[in-house]
>>> print(open('final-v2.cif').read())   # mmCIF, C-alpha atoms
data_start
#
loop_
_atom_site.group_PDB
_atom_site.id
_atom_site.type_symbol
_atom_site.label_atom_id
_atom_site.label_comp_id
_atom_site.auth_asym_id
_atom_site.auth_seq_id
_atom_site.Cartn_x
_atom_site.Cartn_y
_atom_site.Cartn_z
ATOM 1 C CA MET A 172 0.000 0.000 0.000
ATOM 2 C CA LEU A 173 1.200 3.512 -0.780
ATOM 3 C CA TYR A 174 1.419 5.994 2.110
ATOM 4 C CA ARG A 175 2.252 9.705 1.992
ATOM 5 C CA PHE A 176 4.769 10.898 4.584
ATOM 6 C CA SER A 177 4.819 14.610 5.393
ATOM 7 C CA CYS A 178 7.739 16.021 7.385
ATOM 8 C CA LEU A 179 6.797 19.053 9.462
ATOM 9 C CA ASP A 180 8.888 21.760 11.099
ATOM 10 C CA ALA A 181 8.491 23.174 14.616
ATOM 11 C CA HIS A 182 5.562 25.331 13.399
ATOM 12 C CA ASP A 183 3.687 22.328 11.935
ATOM 13 C CA GLN A 184 4.390 23.507 8.393
ATOM 14 C CA ALA A 185 5.031 20.797 5.804
ATOM 15 C CA VAL A 186 8.658 20.914 4.703
ATOM 16 C CA SER A 187 8.725 17.817 2.518
ATOM 17 C CA THR A 188 6.349 15.115 1.362
ATOM 18 C CA GLU A 189 7.101 11.752 -0.176
ATOM 19 C CA GLU A 190 5.156 8.633 -1.059
ATOM 20 C CA ILE A 191 6.518 5.385 0.312
ATOM 21 C CA GLU A 192 5.319 1.819 -0.120
ATOM 22 C CA ALA A 193 4.599 -0.056 3.133
ATOM 23 C CA ARG A 194 3.148 -3.508 3.784
ATOM 24 C CA SER A 195 0.822 -2.270 6.541
ATOM 25 C CA LEU A 196 0.072 0.694 8.759
ATOM 26 C CA ILE A 197 2.359 -0.811 11.417
ATOM 27 C CA ASP A 198 5.184 -0.871 8.859
ATOM 28 C CA ALA A 199 4.412 2.743 7.872
ATOM 29 C CA ILE A 200 4.512 3.819 11.541
ATOM 30 C CA ALA A 201 7.916 2.169 11.967
ATOM 31 C CA LYS A 202 9.159 3.995 8.861
ATOM 32 C CA ALA A 203 7.864 7.306 10.256
ATOM 33 C CA HIS A 204 9.879 6.827 13.454
ATOM 34 C CA LEU A 205 12.989 5.932 11.445
ATOM 35 C CA MET A 206 12.494 9.100 9.407
ATOM 36 C CA LEU A 207 12.394 11.182 12.592
ATOM 37 C CA LYS A 208 15.627 9.615 13.837
ATOM 38 C CA SER A 209 17.419 10.112 10.526
ATOM 39 C CA ARG A 210 16.115 13.662 9.977
ATOM 40 C CA PRO A 211 16.636 15.499 13.274
ATOM 41 C CA HIS A 212 15.707 18.859 11.735
ATOM 42 C CA HIS A 213 12.065 17.715 11.454
ATOM 43 C CA GLU A 214 9.785 17.755 14.499
ATOM 44 C CA THR A 215 6.923 15.633 13.192
ATOM 45 C CA VAL A 216 6.190 13.062 10.505
ATOM 46 C CA GLU A 217 2.591 12.526 9.456
ATOM 47 C CA VAL A 218 1.531 9.312 7.748
ATOM 48 C CA TRP A 219 -1.375 9.735 5.336
ATOM 49 C CA ARG A 220 -3.428 7.009 3.694
ATOM 50 C CA GLY A 221 -5.292 8.734 0.903
ATOM 51 C CA ASN A 222 -6.948 11.836 2.383
ATOM 52 C CA ASN A 223 -6.924 10.431 5.927
ATOM 53 C CA LEU A 224 -4.282 11.123 8.538
ATOM 54 C CA ALA A 225 -3.367 7.636 9.773
ATOM 55 C CA TYR A 226 -0.588 8.472 12.258
ATOM 56 C CA ARG A 227 1.403 11.417 13.609
ATOM 57 C CA ALA A 228 4.899 10.755 15.013
ATOM 58 C CA ARG A 229 6.470 13.562 17.053
ATOM 59 C CA LYS A 230 10.122 13.769 18.001
ATOM 60 C CA ASP A 231 9.310 14.586 21.635
ATOM 61 C CA ARG A 232 7.145 11.443 21.943
ATOM 62 C CA ILE A 233 9.625 8.808 20.774
ATOM 63 C CA ALA A 234 10.179 6.204 23.459
ATOM 64 C CA ALA A 235 13.757 5.718 24.572
ATOM 65 C CA ALA A 236 15.208 2.512 23.228
#
>>> encode(input="final-v2.cif", output="structure tokens")
Amino acid sequence: MLYRFSCLDAHDQAVSTEEIEARSLIDAIAKAHLMLKSRPHHETVEVWRGNNLAYRARKDRIAAA
């Protein structure tokens, strides 16, 4: 399934958007958290499925590993 990932800045403004294939929503959520770790200049990654916001990952809410 194709998901749209939107990277947001500290003011919740979209900085970049890309479409990424994922096997499931769980897989897309994992990819969103990896994006946050690899792109520290972004505060939030939103995962969209069509016109519906499926998940919102915020840097300040990532659990410590």
>>> closest_residue(input="final-v2.cif", among="A:Leu173, A:Glu190, A:Gln184, A:Val216", to="His204 in chain A", atoms="only C-alpha atoms")
A:Val216
>>> residues_around(input="final-v2.cif", residues="Lys230 in chain A", least_positions_apart="5", cutoff="8 Å", atoms="all atoms listed in the file", output="ChimeraX atom specification")
/A:207,213-215
>>> residues_around(input="final-v2.cif", residues="Ala228 in chain A", least_positions_apart="3", cutoff="12 Å", atoms="all atoms listed in the file", output="ChimeraX atom specification")
/A:176-179,199-208,213-219,224-225,231-234
>>> axis_aligned_box(input="final-v2.cif", around="range 227-230 of chain A", padding_each_side="8 Å", output="JSON")
{"center_x": 5.8, "center_y": 12.3, "center_z": 15.8, "size_x": 24.7, "size_y": 19.0, "size_z": 20.4}
>>> atom_distance(input="final-v2.cif", atom1="CA of Asp180 in chain A", atom2="CA of Arg194 in chain A")
26.9 Å
>>> atom_distance(input="final-v2.cif", atom1="CA of Val186 in chain A", atom2="CA of His212 in chain A")
10.2 Å
>>> atom_distance(input="final-v2.cif", atom1="CA of Pro211 in chain A", atom2="CA of Leu196 in chain A")
22.7 Å
>>> resolve_selection(input="final-v2.cif", expression="the PyMOL selection byres ((chain A and resi 191) around 7)", output="JSON, numbers by chain")
{"A": [173, 174, 175, 189, 190, 192, 193]}
>>> decode(input="final-v2.cif", residues="range 197-234 of chain A", atoms="N, CA, C and O atoms", output="PDB file, in the first residue's frame")
ATOM      1  N   ILE A 197       1.299  -0.591  10.419  1.00  0.00           N
ATOM      2  CA  ILE A 197       2.359  -0.811  11.417  1.00  0.00           C
ATOM      3  C   ILE A 197       3.732  -0.583  10.792  1.00  0.00           C
ATOM      4  O   ILE A 197       4.603   0.062  11.387  1.00  0.00           O
ATOM      5  N   ASP A 198       3.929  -1.077   9.589  1.00  0.00           N
ATOM      6  CA  ASP A 198       5.184  -0.871   8.859  1.00  0.00           C
ATOM      7  C   ASP A 198       5.386   0.618   8.559  1.00  0.00           C
ATOM      8  O   ASP A 198       6.493   1.145   8.699  1.00  0.00           O
ATOM      9  N   ALA A 199       4.331   1.306   8.165  1.00  0.00           N
ATOM     10  CA  ALA A 199       4.412   2.743   7.872  1.00  0.00           C
ATOM     11  C   ALA A 199       4.763   3.533   9.138  1.00  0.00           C
ATOM     12  O   ALA A 199       5.557   4.478   9.084  1.00  0.00           O
ATOM     13  N   ILE A 200       4.206   3.147  10.269  1.00  0.00           N
ATOM     14  CA  ILE A 200       4.512   3.819  11.541  1.00  0.00           C
ATOM     15  C   ILE A 200       5.987   3.633  11.892  1.00  0.00           C
ATOM     16  O   ILE A 200       6.665   4.586  12.298  1.00  0.00           O
ATOM     17  N   ALA A 201       6.496   2.424  11.701  1.00  0.00           N
ATOM     18  CA  ALA A 201       7.916   2.169  11.967  1.00  0.00           C
ATOM     19  C   ALA A 201       8.794   3.031  11.064  1.00  0.00           C
ATOM     20  O   ALA A 201       9.796   3.603  11.514  1.00  0.00           O
ATOM     21  N   LYS A 202       8.398   3.154   9.793  1.00  0.00           N
ATOM     22  CA  LYS A 202       9.159   3.995   8.861  1.00  0.00           C
ATOM     23  C   LYS A 202       9.113   5.464   9.280  1.00  0.00           C
ATOM     24  O   LYS A 202      10.102   6.183   9.155  1.00  0.00           O
ATOM     25  N   ALA A 203       7.985   5.918   9.798  1.00  0.00           N
ATOM     26  CA  ALA A 203       7.864   7.306  10.256  1.00  0.00           C
ATOM     27  C   ALA A 203       8.832   7.584  11.401  1.00  0.00           C
ATOM     28  O   ALA A 203       9.498   8.623  11.428  1.00  0.00           O
ATOM     29  N   HIS A 204       8.953   6.647  12.336  1.00  0.00           N
ATOM     30  CA  HIS A 204       9.879   6.827  13.454  1.00  0.00           C
ATOM     31  C   HIS A 204      11.339   6.783  12.984  1.00  0.00           C
ATOM     32  O   HIS A 204      12.165   7.550  13.489  1.00  0.00           O
ATOM     33  N   LEU A 205      11.632   5.945  12.013  1.00  0.00           N
ATOM     34  CA  LEU A 205      12.989   5.932  11.445  1.00  0.00           C
ATOM     35  C   LEU A 205      13.295   7.249  10.747  1.00  0.00           C
ATOM     36  O   LEU A 205      14.426   7.752  10.819  1.00  0.00           O
ATOM     37  N   MET A 206      12.299   7.807  10.072  1.00  0.00           N
ATOM     38  CA  MET A 206      12.494   9.100   9.407  1.00  0.00           C
ATOM     39  C   MET A 206      12.817  10.179  10.422  1.00  0.00           C
ATOM     40  O   MET A 206      13.698  11.023  10.195  1.00  0.00           O
ATOM     41  N   LEU A 207      12.120  10.178  11.559  1.00  0.00           N
ATOM     42  CA  LEU A 207      12.394  11.182  12.592  1.00  0.00           C
ATOM     43  C   LEU A 207      13.810  11.053  13.135  1.00  0.00           C
ATOM     44  O   LEU A 207      14.480  12.056  13.380  1.00  0.00           O
ATOM     45  N   LYS A 208      14.266   9.823  13.324  1.00  0.00           N
ATOM     46  CA  LYS A 208      15.627   9.615  13.837  1.00  0.00           C
ATOM     47  C   LYS A 208      16.690  10.028  12.830  1.00  0.00           C
ATOM     48  O   LYS A 208      17.725  10.559  13.199  1.00  0.00           O
ATOM     49  N   SER A 209      16.416   9.804  11.544  1.00  0.00           N
ATOM     50  CA  SER A 209      17.419  10.112  10.526  1.00  0.00           C
ATOM     51  C   SER A 209      17.345  11.554  10.029  1.00  0.00           C
ATOM     52  O   SER A 209      18.244  12.005   9.326  1.00  0.00           O
ATOM     53  N   ARG A 210      16.290  12.260  10.392  1.00  0.00           N
ATOM     54  CA  ARG A 210      16.115  13.662   9.977  1.00  0.00           C
ATOM     55  C   ARG A 210      15.839  14.526  11.203  1.00  0.00           C
ATOM     56  O   ARG A 210      14.709  14.961  11.430  1.00  0.00           O
ATOM     57  N   PRO A 211      16.850  14.794  12.005  1.00  0.00           N
ATOM     58  CA  PRO A 211      16.636  15.499  13.274  1.00  0.00           C
ATOM     59  C   PRO A 211      16.125  16.928  13.122  1.00  0.00           C
ATOM     60  O   PRO A 211      15.640  17.509  14.093  1.00  0.00           O
ATOM     61  N   HIS A 212      16.192  17.492  11.939  1.00  0.00           N
ATOM     62  CA  HIS A 212      15.707  18.859  11.735  1.00  0.00           C
ATOM     63  C   HIS A 212      14.184  18.912  11.591  1.00  0.00           C
ATOM     64  O   HIS A 212      13.618  19.990  11.593  1.00  0.00           O
ATOM     65  N   HIS A 213      13.530  17.756  11.506  1.00  0.00           N
ATOM     66  CA  HIS A 213      12.065  17.715  11.454  1.00  0.00           C
ATOM     67  C   HIS A 213      11.522  17.379  12.835  1.00  0.00           C
ATOM     68  O   HIS A 213      12.097  16.578  13.562  1.00  0.00           O
ATOM     69  N   GLU A 214      10.406  17.988  13.200  1.00  0.00           N
ATOM     70  CA  GLU A 214       9.785  17.755  14.499  1.00  0.00           C
ATOM     71  C   GLU A 214       8.728  16.657  14.455  1.00  0.00           C
ATOM     72  O   GLU A 214       8.514  15.963  15.434  1.00  0.00           O
ATOM     73  N   THR A 215       8.067  16.529  13.313  1.00  0.00           N
ATOM     74  CA  THR A 215       6.923  15.633  13.192  1.00  0.00           C
ATOM     75  C   THR A 215       6.917  14.981  11.817  1.00  0.00           C
ATOM     76  O   THR A 215       7.305  15.606  10.839  1.00  0.00           O
ATOM     77  N   VAL A 216       6.457  13.741  11.772  1.00  0.00           N
ATOM     78  CA  VAL A 216       6.190  13.062  10.505  1.00  0.00           C
ATOM     79  C   VAL A 216       4.745  12.578  10.550  1.00  0.00           C
ATOM     80  O   VAL A 216       4.353  11.882  11.490  1.00  0.00           O
ATOM     81  N   GLU A 217       3.964  12.991   9.575  1.00  0.00           N
ATOM     82  CA  GLU A 217       2.591  12.526   9.456  1.00  0.00           C
ATOM     83  C   GLU A 217       2.528  11.427   8.400  1.00  0.00           C
ATOM     84  O   GLU A 217       3.170  11.526   7.359  1.00  0.00           O
ATOM     85  N   VAL A 218       1.743  10.411   8.683  1.00  0.00           N
ATOM     86  CA  VAL A 218       1.531   9.312   7.748  1.00  0.00           C
ATOM     87  C   VAL A 218       0.088   9.416   7.256  1.00  0.00           C
ATOM     88  O   VAL A 218      -0.850   9.377   8.050  1.00  0.00           O
ATOM     89  N   TRP A 219      -0.058   9.578   5.953  1.00  0.00           N
ATOM     90  CA  TRP A 219      -1.375   9.735   5.336  1.00  0.00           C
ATOM     91  C   TRP A 219      -1.694   8.530   4.468  1.00  0.00           C
ATOM     92  O   TRP A 219      -0.843   8.050   3.733  1.00  0.00           O
ATOM     93  N   ARG A 220      -2.920   8.066   4.570  1.00  0.00           N
ATOM     94  CA  ARG A 220      -3.428   7.009   3.694  1.00  0.00           C
ATOM     95  C   ARG A 220      -4.582   7.638   2.920  1.00  0.00           C
ATOM     96  O   ARG A 220      -5.649   7.878   3.478  1.00  0.00           O
ATOM     97  N   GLY A 221      -4.306   7.980   1.681  1.00  0.00           N
ATOM     98  CA  GLY A 221      -5.292   8.734   0.903  1.00  0.00           C
ATOM     99  C   GLY A 221      -5.447  10.123   1.498  1.00  0.00           C
ATOM    100  O   GLY A 221      -4.464  10.820   1.753  1.00  0.00           O
ATOM    101  N   ASN A 222      -6.679  10.529   1.777  1.00  0.00           N
ATOM    102  CA  ASN A 222      -6.948  11.836   2.383  1.00  0.00           C
ATOM    103  C   ASN A 222      -7.097  11.769   3.894  1.00  0.00           C
ATOM    104  O   ASN A 222      -7.517  12.736   4.520  1.00  0.00           O
ATOM    105  N   ASN A 223      -6.753  10.628   4.483  1.00  0.00           N
ATOM    106  CA  ASN A 223      -6.924  10.431   5.927  1.00  0.00           C
ATOM    107  C   ASN A 223      -5.584  10.385   6.635  1.00  0.00           C
ATOM    108  O   ASN A 223      -4.686   9.626   6.236  1.00  0.00           O
ATOM    109  N   LEU A 224      -5.467  11.172   7.695  1.00  0.00           N
ATOM    110  CA  LEU A 224      -4.282  11.123   8.538  1.00  0.00           C
ATOM    111  C   LEU A 224      -4.339   9.832   9.340  1.00  0.00           C
ATOM    112  O   LEU A 224      -5.255   9.620  10.135  1.00  0.00           O
ATOM    113  N   ALA A 225      -3.363   8.947   9.123  1.00  0.00           N
ATOM    114  CA  ALA A 225      -3.367   7.636   9.773  1.00  0.00           C
ATOM    115  C   ALA A 225      -2.533   7.635  11.054  1.00  0.00           C
ATOM    116  O   ALA A 225      -2.825   6.906  11.994  1.00  0.00           O
ATOM    117  N   TYR A 226      -1.476   8.474  11.099  1.00  0.00           N
ATOM    118  CA  TYR A 226      -0.588   8.472  12.258  1.00  0.00           C
ATOM    119  C   TYR A 226       0.230   9.750  12.256  1.00  0.00           C
ATOM    120  O   TYR A 226       0.550  10.294  11.206  1.00  0.00           O
ATOM    121  N   ARG A 227       0.576  10.213  13.452  1.00  0.00           N
ATOM    122  CA  ARG A 227       1.403  11.417  13.609  1.00  0.00           C
ATOM    123  C   ARG A 227       2.501  11.095  14.610  1.00  0.00           C
ATOM    124  O   ARG A 227       2.221  10.857  15.788  1.00  0.00           O
ATOM    125  N   ALA A 228       3.746  11.045  14.150  1.00  0.00           N
ATOM    126  CA  ALA A 228       4.899  10.755  15.013  1.00  0.00           C
ATOM    127  C   ALA A 228       5.614  12.064  15.324  1.00  0.00           C
ATOM    128  O   ALA A 228       5.991  12.800  14.424  1.00  0.00           O
ATOM    129  N   ARG A 229       5.776  12.346  16.631  1.00  0.00           N
ATOM    130  CA  ARG A 229       6.470  13.562  17.053  1.00  0.00           C
ATOM    131  C   ARG A 229       7.791  13.196  17.701  1.00  0.00           C
ATOM    132  O   ARG A 229       7.870  12.210  18.423  1.00  0.00           O
ATOM    133  N   LYS A 230       8.788  14.020  17.459  1.00  0.00           N
ATOM    134  CA  LYS A 230      10.122  13.769  18.001  1.00  0.00           C
ATOM    135  C   LYS A 230      10.102  13.710  19.530  1.00  0.00           C
ATOM    136  O   LYS A 230      10.763  12.891  20.132  1.00  0.00           O
ATOM    137  N   ASP A 231       9.332  14.545  20.179  1.00  0.00           N
ATOM    138  CA  ASP A 231       9.310  14.586  21.635  1.00  0.00           C
ATOM    139  C   ASP A 231       8.524  13.435  22.246  1.00  0.00           C
ATOM    140  O   ASP A 231       8.479  13.298  23.456  1.00  0.00           O
ATOM    141  N   ARG A 232       7.917  12.574  21.414  1.00  0.00           N
ATOM    142  CA  ARG A 232       7.145  11.443  21.943  1.00  0.00           C
ATOM    143  C   ARG A 232       7.738  10.086  21.580  1.00  0.00           C
ATOM    144  O   ARG A 232       7.103   9.073  21.767  1.00  0.00           O
ATOM    145  N   ILE A 233       8.967  10.076  21.102  1.00  0.00           N
ATOM    146  CA  ILE A 233       9.625   8.808  20.774  1.00  0.00           C
ATOM    147  C   ILE A 233      10.112   8.176  22.069  1.00  0.00           C
ATOM    148  O   ILE A 233      10.793   8.807  22.861  1.00  0.00           O
ATOM    149  N   ALA A 234       9.748   6.928  22.253  1.00  0.00           N
ATOM    150  CA  ALA A 234      10.179   6.204  23.459  1.00  0.00           C
ATOM    151  C   ALA A 234      11.673   5.929  23.383  1.00  0.00           C
ATOM    152  O   ALA A 234      12.211   5.649  22.326  1.00  0.00           O
TER     153      ALA A 234
END
